[in-house]
>>> print(open('structure38.cif').read())   # mmCIF, C-alpha atoms and all ligand atoms
data_data
loop_
_atom_site.label_atom_id
_atom_site.label_comp_id
_atom_site.auth_asym_id
_atom_site.auth_seq_id
_atom_site.Cartn_x
_atom_site.Cartn_y
_atom_site.Cartn_z
CA MET L 1 -2.21 9.58 20.74
CA THR L 2 0.07 6.64 21.50
CA GLU L 3 2.54 5.70 18.83
CA ALA L 4 3.28 2.13 17.83
CA ALA L 5 6.28 3.04 15.71
CA ARG L 6 8.40 5.99 14.66
CA PHE L 7 10.99 6.48 11.91
CA ARG L 8 13.20 9.55 12.37
CA ALA L 9 15.21 10.74 9.35
CA VAL L 10 15.97 7.16 8.40
CA GLY L 11 18.44 6.49 5.59
CA LYS L 12 19.40 3.10 4.22
CA ARG L 13 21.89 2.28 1.45
CA PHE L 14 22.63 -0.95 -0.37
CA GLY L 15 25.94 -0.30 -2.12
CA ALA L 16 25.23 2.43 -4.64
CA VAL L 17 21.45 2.27 -4.09
CA GLN L 18 19.94 4.72 -1.64
CA ALA L 19 16.86 2.69 -0.66
CA LEU L 20 15.56 5.14 1.97
CA ARG L 21 16.30 8.86 2.14
CA GLY L 22 15.45 10.71 5.35
CA LEU L 23 12.24 8.80 5.98
CA ASP L 24 10.09 10.35 8.75
CA LEU L 25 7.04 8.31 9.64
CA GLY L 26 4.92 7.71 12.71
CA ILE L 27 2.37 4.91 13.05
CA ALA L 28 -0.37 5.54 15.62
CA ALA L 29 -1.52 2.69 17.84
CA GLY L 30 -4.72 1.17 16.46
CA GLU L 31 -4.20 2.60 12.99
CA THR L 32 -4.17 0.64 9.74
CA LEU L 33 -1.52 2.19 7.55
CA ALA L 34 -0.84 1.36 3.90
CA LEU L 35 2.63 1.84 2.51
CA LEU L 36 1.97 2.43 -1.16
CA GLY L 37 4.66 2.51 -3.82
CA ARG L 38 5.98 0.97 -7.00
CA ASN L 39 8.57 -1.80 -7.03
CA GLY L 40 11.82 -0.48 -5.59
CA ALA L 41 10.17 2.42 -3.74
CA GLY L 42 11.57 1.18 -0.42
CA LYS L 43 8.55 -0.60 1.12
CA SER L 44 10.28 -3.87 2.04
CA THR L 45 13.33 -1.98 3.32
CA THR L 46 11.07 0.09 5.58
CA ILE L 47 9.44 -3.08 6.89
CA ALA L 48 12.78 -4.87 7.45
CA LEU L 49 14.03 -1.92 9.52
CA LEU L 50 10.77 -1.78 11.49
CA LEU L 51 11.14 -5.46 12.37
CA GLY L 52 14.79 -5.06 13.35
CA LEU L 53 15.88 -7.42 10.54
CA ASP L 54 18.27 -4.75 9.34
CA ARG L 55 19.68 -1.50 10.73
CA PRO L 56 19.43 1.99 9.32
CA ASP L 57 22.58 3.79 8.14
CA ASP L 58 21.16 7.11 9.34
CA GLY L 59 18.43 8.12 11.74
CA GLU L 60 16.55 5.81 14.07
CA VAL L 61 13.63 3.42 14.18
CA GLU L 62 11.57 3.00 17.33
CA LEU L 63 9.00 0.29 17.94
CA PHE L 64 6.70 0.59 20.98
CA GLY L 65 9.08 3.15 22.46
CA GLY L 66 12.20 0.97 22.28
CA VAL L 67 14.48 -0.72 19.79
CA PRO L 68 12.65 -2.99 17.30
CA GLU L 69 14.43 -6.14 18.51
CA ALA L 70 12.99 -5.70 22.03
CA ALA L 71 9.40 -5.39 20.78
CA VAL L 72 9.83 -8.39 18.47
CA ARG L 73 11.38 -10.47 21.29
CA ALA L 74 8.47 -9.52 23.55
CA GLY L 75 6.08 -11.01 20.99
CA ARG L 76 4.32 -7.72 20.28
CA VAL L 77 4.79 -7.96 16.51
CA GLY L 78 3.62 -10.46 13.90
CA ALA L 79 4.75 -10.34 10.29
CA MET L 80 4.12 -11.76 6.85
CA LEU L 81 7.12 -11.06 4.67
CA GLN L 82 7.39 -11.14 0.88
CA GLU L 83 9.43 -14.34 0.69
CA GLY L 84 7.43 -17.31 1.88
CA GLN L 85 9.32 -19.83 3.96
CA PRO L 86 8.98 -23.50 2.94
CA VAL L 87 6.42 -25.24 5.14
CA PRO L 88 7.28 -28.44 7.00
CA ARG L 89 5.20 -31.61 6.74
CA ALA L 90 3.18 -30.79 9.85
CA THR L 91 -0.57 -30.20 9.82
CA VAL L 92 -1.96 -26.68 9.83
CA LYS L 93 -3.06 -27.06 13.44
CA GLU L 94 0.34 -28.41 14.59
CA LEU L 95 2.19 -25.61 12.87
CA VAL L 96 -0.01 -22.81 14.21
CA SER L 97 -0.09 -24.17 17.76
CA PHE L 98 3.68 -24.62 17.73
CA VAL L 99 4.30 -21.04 16.61
CA ALA L 100 1.69 -19.76 19.11
CA SER L 101 3.45 -21.64 21.92
CA THR L 102 6.63 -19.61 21.37
CA TYR L 103 4.81 -16.37 22.30
CA PRO L 104 3.99 -15.11 25.79
CA ARG L 105 0.35 -14.16 25.04
CA PRO L 106 -0.75 -16.22 22.03
CA LEU L 107 -4.20 -16.64 20.52
CA PRO L 108 -5.77 -20.09 20.86
CA TRP L 109 -4.77 -21.92 17.65
CA ARG L 110 -8.44 -22.34 16.67
CA GLU L 111 -9.01 -18.60 16.89
CA ALA L 112 -5.97 -17.91 14.68
CA LEU L 113 -7.34 -20.35 12.08
CA GLU L 114 -10.84 -18.83 12.26
CA LEU L 115 -9.41 -15.33 11.83
CA ALA L 116 -7.52 -16.49 8.77
CA GLY L 117 -10.65 -18.21 7.42
CA ILE L 118 -9.06 -21.70 7.42
CA GLY L 119 -10.91 -23.21 10.39
CA GLU L 120 -11.82 -26.25 8.30
CA LEU L 121 -8.21 -26.94 7.28
CA ALA L 122 -6.86 -27.71 10.78
CA GLU L 123 -5.97 -31.33 10.00
CA ARG L 124 -4.63 -30.70 6.49
CA ARG L 125 -0.93 -30.99 5.80
CA ALA L 126 0.60 -27.53 5.47
CA ASP L 127 2.61 -28.51 2.38
CA ARG L 128 -0.56 -29.66 0.56
CA LEU L 129 -2.40 -26.33 0.44
CA SER L 130 -3.38 -24.25 -2.57
CA GLY L 131 -1.68 -20.89 -3.06
CA GLY L 132 -4.54 -18.98 -1.49
CA GLN L 133 -4.80 -21.40 1.43
CA ALA L 134 -1.05 -21.25 2.04
CA GLN L 135 -1.22 -17.46 2.15
CA ARG L 136 -4.00 -17.66 4.73
CA LEU L 137 -1.93 -20.10 6.76
CA ARG L 138 0.87 -17.53 6.71
CA PHE L 139 -1.65 -14.99 7.99
CA ALA L 140 -2.70 -17.39 10.77
CA LEU L 141 0.98 -17.80 11.71
CA ALA L 142 1.45 -14.03 11.77
CA VAL L 143 -1.46 -13.52 14.20
CA ALA L 144 -0.85 -16.71 16.23
CA GLY L 145 1.25 -14.83 18.78
CA GLY L 146 -1.54 -12.31 19.37
CA PRO L 147 0.60 -9.36 18.20
CA GLU L 148 -0.40 -5.73 18.81
CA LEU L 149 1.25 -4.82 15.53
CA LEU L 150 0.72 -6.85 12.39
CA VAL L 151 3.09 -6.17 9.47
CA LEU L 152 2.20 -7.46 6.00
CA ASP L 153 4.55 -6.98 3.04
CA GLU L 154 2.51 -7.14 -0.21
CA PRO L 155 0.33 -9.87 1.30
CA THR L 156 -1.99 -10.33 -1.68
CA ALA L 157 0.54 -10.17 -4.52
CA ALA L 158 -0.01 -13.80 -5.54
CA LEU L 159 -3.75 -14.04 -4.87
CA ASP L 160 -6.73 -13.96 -7.22
CA VAL L 161 -9.56 -11.48 -6.74
CA GLU L 162 -11.72 -13.72 -4.54
CA ALA L 163 -8.83 -14.78 -2.29
CA ARG L 164 -7.81 -11.16 -2.03
CA ARG L 165 -11.21 -10.08 -0.77
CA ALA L 166 -11.22 -12.84 1.82
CA PHE L 167 -7.71 -11.89 2.88
CA TRP L 168 -8.62 -8.26 3.50
CA ARG L 169 -11.68 -9.32 5.49
CA SER L 170 -9.33 -11.25 7.80
CA MET L 171 -6.96 -8.32 8.07
CA ARG L 172 -9.76 -5.90 8.93
CA ALA L 173 -11.14 -8.27 11.55
CA TYR L 174 -7.75 -8.31 13.23
CA ALA L 175 -7.40 -4.53 13.00
CA GLY L 176 -10.96 -4.19 14.35
CA ARG L 177 -9.82 -5.68 17.66
CA GLY L 178 -7.81 -2.52 18.30
CA ASN L 179 -4.55 -3.77 16.79
CA THR L 180 -2.18 -1.76 14.63
CA VAL L 181 -1.59 -2.92 11.05
CA LEU L 182 1.04 -1.85 8.56
CA PHE L 183 0.76 -3.31 5.08
CA SER L 184 2.54 -2.55 1.85
CA THR L 185 1.02 -2.74 -1.58
CA HIS L 186 1.32 -1.40 -5.06
CA TYR L 187 -2.42 -1.82 -5.57
CA LEU L 188 -4.03 1.56 -5.16
CA GLU L 189 -7.47 0.10 -4.64
CA GLU L 190 -6.20 -2.05 -1.79
CA ALA L 191 -4.65 0.90 -0.03
CA ASP L 192 -7.78 3.01 -0.51
CA GLY L 193 -10.17 0.26 0.50
CA ASN L 194 -8.38 -1.20 3.52
CA ALA L 195 -6.31 1.48 5.23
CA ASP L 196 -7.16 4.42 7.50
CA ARG L 197 -4.14 6.25 6.16
CA ILE L 198 -1.91 5.95 3.12
CA VAL L 199 1.75 6.86 2.91
CA VAL L 200 3.03 7.01 -0.65
CA LEU L 201 6.71 6.12 -0.94
CA ASP L 202 8.76 6.96 -3.98
CA GLN L 203 12.52 6.48 -4.25
CA GLY L 204 12.88 6.03 -0.52
CA ARG L 205 10.97 9.08 0.61
CA THR L 206 7.42 10.03 1.47
CA VAL L 207 5.65 11.90 -1.34
CA ALA L 208 2.18 11.92 0.23
CA ASP L 209 0.62 11.06 3.57
CA GLY L 210 -3.08 11.09 4.37
CA THR L 211 -6.42 9.38 3.79
CA GLY L 212 -7.25 8.30 0.24
CA GLU L 213 -9.59 11.29 0.12
CA ALA L 214 -6.93 13.69 1.38
CA ILE L 215 -4.43 12.46 -1.18
CA LYS L 216 -6.94 13.02 -3.96
CA ARG L 217 -7.71 16.48 -2.61
CA ALA L 218 -4.01 17.32 -2.34
CA VAL L 219 -3.64 16.54 -5.99
CA GLY L 220 -6.77 18.58 -6.57
CA ALA L 221 -7.78 16.76 -9.67
CA THR L 222 -11.25 16.26 -11.08
CA LEU L 223 -11.95 14.71 -14.46
CA VAL L 224 -14.19 16.77 -16.72
CA ALA L 225 -15.24 14.88 -19.85
CA PHE L 226 -17.39 15.73 -22.83
CA ASP L 227 -18.17 14.51 -26.36
CA LEU L 228 -15.92 16.07 -28.97
CA ALA L 229 -18.54 15.24 -31.63
CA GLY L 230 -15.79 15.44 -34.24
CA GLY L 231 -14.62 18.83 -33.00
CA SER L 232 -11.02 19.88 -32.40
CA THR L 233 -9.15 19.70 -29.10
CA ARG L 234 -7.35 22.95 -29.87
CA GLY L 235 -7.33 25.38 -26.95
CA LEU L 236 -8.66 22.89 -24.41
CA ARG L 237 -5.33 22.66 -22.56
CA GLY L 238 -5.42 26.41 -22.01
CA LEU L 239 -8.86 26.49 -20.34
CA PRO L 240 -9.05 27.60 -16.69
CA GLY L 241 -8.04 24.84 -14.25
CA VAL L 242 -6.96 22.34 -16.90
CA LEU L 243 -3.85 20.35 -15.95
CA ALA L 244 -3.91 17.75 -18.70
CA LEU L 245 -5.90 16.62 -21.72
CA GLU L 246 -6.58 13.08 -22.79
CA VAL L 247 -8.71 11.91 -25.72
CA ARG L 248 -10.56 8.60 -25.26
CA GLY L 249 -12.38 7.67 -28.43
CA ASP L 250 -14.49 10.70 -29.25
CA ARG L 251 -14.43 12.03 -25.69
CA ALA L 252 -12.12 14.69 -24.37
CA VAL L 253 -11.08 14.13 -20.73
CA LEU L 254 -9.68 17.16 -18.97
CA ARG L 255 -7.87 16.77 -15.66
CA SER L 256 -8.78 19.94 -13.79
CA SER L 257 -7.73 21.57 -10.54
CA ASP L 258 -10.89 23.75 -10.64
CA SER L 259 -13.76 21.88 -12.26
CA ASP L 260 -16.24 24.78 -11.79
CA ALA L 261 -14.04 27.15 -13.78
CA THR L 262 -13.36 24.50 -16.42
CA VAL L 263 -17.07 23.69 -16.86
CA LEU L 264 -18.00 27.39 -17.10
CA ALA L 265 -15.36 27.89 -19.78
CA LEU L 266 -16.60 24.83 -21.70
CA ALA L 267 -20.18 26.17 -21.49
CA ALA L 268 -19.09 29.58 -22.76
CA ALA L 269 -17.40 27.84 -25.69
CA GLY L 270 -20.58 25.83 -26.41
CA LEU L 271 -18.83 22.51 -25.72
CA VAL L 272 -21.16 21.03 -23.08
CA ARG L 273 -22.14 17.74 -24.76
CA GLY L 274 -22.56 14.64 -22.60
CA LEU L 275 -20.69 16.39 -19.84
CA SER L 276 -19.45 14.37 -16.85
CA VAL L 277 -17.53 15.59 -13.82
CA THR L 278 -15.92 12.88 -11.67
CA PRO L 279 -13.30 12.89 -8.93
CA ALA L 280 -9.93 11.56 -10.03
CA SER L 281 -9.21 8.03 -8.81
CA LEU L 282 -6.50 7.34 -6.31
CA GLU L 283 -4.50 5.99 -9.21
CA ASP L 284 -4.65 9.40 -10.90
CA ALA L 285 -3.50 10.97 -7.64
CA PHE L 286 -0.67 8.45 -7.29
CA LEU L 287 0.56 9.09 -10.82
CA THR L 288 0.68 12.81 -10.23
CA LEU L 289 2.43 12.40 -6.89
CA THR L 290 5.16 10.13 -8.18
CA ALA L 291 5.62 11.68 -11.61
CA HIS L 292 9.26 12.70 -11.98
CA ASP L 293 8.59 15.87 -13.87
CA SER L 294 7.54 19.44 -13.20
CA ALA L 295 3.83 18.62 -13.40
CA GLY L 296 4.21 16.19 -10.51
CA ALA L 297 6.42 18.45 -8.42
CA ASP L 298 3.68 21.08 -8.12
CA ALA L 299 1.23 18.54 -6.78
CA ARG L 300 3.35 17.24 -3.92
CA THR L 301 1.75 17.62 -0.53
CA ASP L 302 3.10 19.23 2.62
CA ALA L 303 4.43 15.86 3.67
CA SER L 304 6.75 15.94 0.68
CA ALA L 305 10.42 15.74 1.53
CA GLY L 306 11.41 17.45 -1.73
CA ALA L 307 11.27 16.78 -5.43
CA GLY L 308 12.35 13.38 -6.69
CA THR L 309 15.02 12.93 -9.29
CA GLY L 310 15.83 10.30 -11.85
CA ALA L 311 13.68 7.80 -13.63
CA GLY L 312 11.00 5.63 -12.04
CA THR L 313 11.68 2.00 -11.33
CA GLY L 314 9.91 -1.09 -12.65
CA THR L 315 6.26 -1.56 -11.90
CA GLY L 316 5.73 -5.31 -11.90
CA ALA L 317 2.65 -7.16 -13.07
CA THR L 318 0.01 -4.78 -11.69
CA PRO L 319 -1.88 -2.24 -13.78
CA ASP L 320 1.08 -0.22 -14.96
CA PRO L 321 0.93 3.34 -13.58
CA ALA L 322 3.69 4.54 -15.92
CA GLN L 323 1.67 3.43 -18.90
CA SER L 324 -1.54 5.13 -17.76
CA TYR L 325 0.49 8.23 -17.06
CA GLU L 326 1.76 8.30 -20.60
CA GLU L 327 -1.80 7.96 -21.82
CA ALA L 328 -2.90 10.80 -19.56
CA ALA L 329 -0.11 13.01 -20.85
CA ARG L 330 -0.72 12.26 -24.52
N1 LIG L 401 19.64 -6.52 -0.01
C1 LIG L 401 19.68 -5.62 -0.98
N2 LIG L 401 20.80 -5.46 -1.72
C2 LIG L 401 20.86 -4.53 -2.70
N3 LIG L 401 19.86 -3.69 -3.03
C3 LIG L 401 18.72 -3.80 -2.33
C4 LIG L 401 18.58 -4.76 -1.27
N4 LIG L 401 17.32 -4.64 -0.77
C5 LIG L 401 16.73 -3.65 -1.47
N5 LIG L 401 17.57 -3.14 -2.39
C6 LIG L 401 17.26 -2.03 -3.32
O1 LIG L 401 16.69 -0.99 -2.56
C7 LIG L 401 15.60 -0.39 -3.24
C8 LIG L 401 14.32 -0.52 -2.43
O2 LIG L 401 13.96 -1.89 -2.39
P1 LIG L 401 12.70 -2.44 -1.61
O3 LIG L 401 12.66 -1.85 -0.25
O4 LIG L 401 12.72 -3.91 -1.71
O5 LIG L 401 11.50 -1.82 -2.48
P2 LIG L 401 9.96 -2.27 -2.58
O6 LIG L 401 9.70 -3.24 -1.47
O7 LIG L 401 9.19 -1.00 -2.44
O8 LIG L 401 9.78 -2.88 -3.93
C9 LIG L 401 15.55 -1.07 -4.59
O9 LIG L 401 16.28 -0.30 -5.51
C10 LIG L 401 16.21 -2.40 -4.34
O10 LIG L 401 16.78 -2.91 -5.52
MG MG L 402 8.99 -5.15 -1.54
#
>>> encode(input="structure38.cif", output="structure tokens")
Amino acid sequence: MTEAARFRAVGKRFGAVQALRGLDLGIAAGETLALLGRNGAGKSTTIALLLGLDRPDDGEVELFGGVPEAAVRAGRVGAMLQEGQPVPRATVKELVSFVASTYPRPLPWREALELAGIGELAERRADRLSGGQAQRLRFALAVAGGPELLVLDEPTAALDVEARRAFWRSMRAYAGRGNTVLFSTHYLEEADGNADRIVVLDQGRTVADGTGEAIKRAVGATLVAFDLAGGSTRGLRGLPGVLALEVRGDRAVLRSSDSDATVLALAAAGLVRGLSVTPASLEDAFLTLTAHDSAGADARTDASAGAGTGAGTGTGATPDPAQSYEEAAR
């Protein structure tokens, strides 16, 4: 399999902050890879190094078999970074055709606009767009050069649900042409729904690497729930396979590594009332993988570079994983 990019034991420090610690990561050509992690996990740093915007302190970063700068200069990479640049007073069409003209093998400007879903905005002034439209213009600019690799750093952070859906449709259409896409997100659903493969970053290292399914399997969790019907939760934590107990209203929810054994034990105890057995969501998997305690350490996958230390960083405005984790552990 051809590789688009490769990180080898990459370390990056900012003063006292170790942003990346021995990051090993390959991106296959044609793959759509999600870099999933909380704020401060090292996603933007990874992307900056990949684009040659910054250099690693340790290890090396290769892009299309050479140094990143060479691939970027050759027009093989398009990017949408977290900070939006101010847009000039040009029209959408002028802006996209200008950017396209700086690349050796650009897309026709109309095709870039169609891909971004803003075909009807060609004559609009770029500084008069709504937030969602401006984000789609940035996408059109990122694909205007016809890049083989498209890099998107939290591309939907400022978008509403509808704009988000439309954005991912555009991204998948571009990936569907055989291009490679790397995007970062802290939305688990986005990673699960739009990537072939998910790499979970935590404190500058990889804590999981695989499909959404594989990550859930690696964590091995299934949720077994039943009606307590006023009964006690005593002894439930000690049942076979049970990793954690949570009480939601009058239902007990057991996170289990062996749902068959857990269900059999519940049946033997006469507790099978309104029983449901469901796979844990990717969010459950993510919480387990990035939990900085002994429970999380056991669940790390083979791709793990070792146990994390220290407290987690902030989580931003998204559904707060730390909070759900506390609920799950209660
Ligand atoms: N230019 C910088 N100067 C100082 N610290 C930085 C700089 N860039 C990133 N960091 C720190 O490095 C860590 C990783 O940051 P970043 O890669 O932006 O994470 P993410 O994109 O996953 O939120 C954070 O602790 C962040 O504060
Ligand atoms: Mg970032």
>>> closest_atom_pairs(input="structure38.cif", of="stretch 49-148 of chain L", to="stretch 8-32 of chain L", cutoff="10 Å", atoms="all atoms listed in the file", output="Markdown table")
| residue | atom | partner | partner_atom | distance |
| --- | --- | --- | --- | --- |
| L:Leu49 | CA | L:Lys12 | CA | 9.1 |
| L:Asp54 | CA | L:Lys12 | CA | 9.4 |
| L:Arg55 | CA | L:Lys12 | CA | 8.0 |
| L:Pro56 | CA | L:Lys12 | CA | 5.2 |
| L:Asp57 | CA | L:Lys12 | CA | 5.1 |
| L:Asp58 | CA | L:Gly11 | CA | 4.7 |
| L:Gly59 | CA | L:Val10 | CA | 4.3 |
| L:Glu60 | CA | L:Arg8 | CA | 5.3 |
| L:Val61 | CA | L:Arg8 | CA | 6.4 |
| L:Glu62 | CA | L:Arg8 | CA | 8.4 |
| L:Leu63 | CA | L:Ile27 | CA | 9.4 |
| L:Phe64 | CA | L:Ala29 | CA | 9.0 |
| L:Glu148 | CA | L:Gly30 | CA | 8.5 |
>>> residues_near_ligand(input="structure38.cif", ligand="ligand MG 402 (chain L)", cutoff="10 Å", atoms="all atoms listed in the file", output="list in words")
Gly37, Arg38, Asn39, Gly40, Ala41, Gly42, Lys43, Ser44, Thr45, Thr46, Ile47, Ala48, Leu81, Gln82, Glu83, Asp153, Glu154, Ser184, Thr185 and His186 of chain L
>>> axis_aligned_box(input="structure38.cif", around="ligand LIG 401 (chain L)", padding_each_side="5 Å", output="AutoDock Vina command-line options")
--center_x 15.0 --center_y -3.4 --center_z -2.8 --size_x 21.7 --size_y 16.2 --size_z 15.5
>>> atom_distance(input="structure38.cif", atom1="atom CA of L:Phe98", atom2="atom CA of L:Val151")
20.2 Å
>>> closest_residue(input="structure38.cif", among="L:Ser276, L:Ser259, L:Gln203, L:Thr288", to="ligand LIG 401 (chain L)", atoms="only C-alpha atoms and all ligand atoms")
L:Gln203
>>> closest_residue(input="structure38.cif", among="L:Leu287, L:Ala71, L:Leu245, L:Val200", to="ligand LIG 401 (chain L)", atoms="only C-alpha atoms and all ligand atoms")
L:Val200
>>> atom_distance(input="structure38.cif", atom1="atom CA of L:Pro106", atom2="atom CA of L:Arg128")
25.3 Å
>>> residues_near_point(input="structure38.cif", point="(4.9, -14.0, -4.8)", cutoff="12 Å", atoms="all atoms listed in the file", output="PyMOL selection string")
chain L and resi 80-85+131-132+134-135+153-160+316-317
>>> residues_around(input="structure38.cif", residues="stretch 234-238 of chain L", least_positions_apart="4", cutoff="10 Å", atoms="only C-alpha atoms", output="PyMOL selection string")
chain L and resi 242-246+252-256+262+265-266
>>> closest_residue(input="structure38.cif", among="L:Phe226, L:Phe286, L:Tyr187, L:Phe167", to="L:Glu213", atoms="all atoms listed in the file")
L:Phe286
>>> closest_residue(input="structure38.cif", among="L:Arg110, L:Arg125, L:Arg172, L:Arg177", to="L:Ala144", atoms="all atoms listed in the file")
L:Arg110
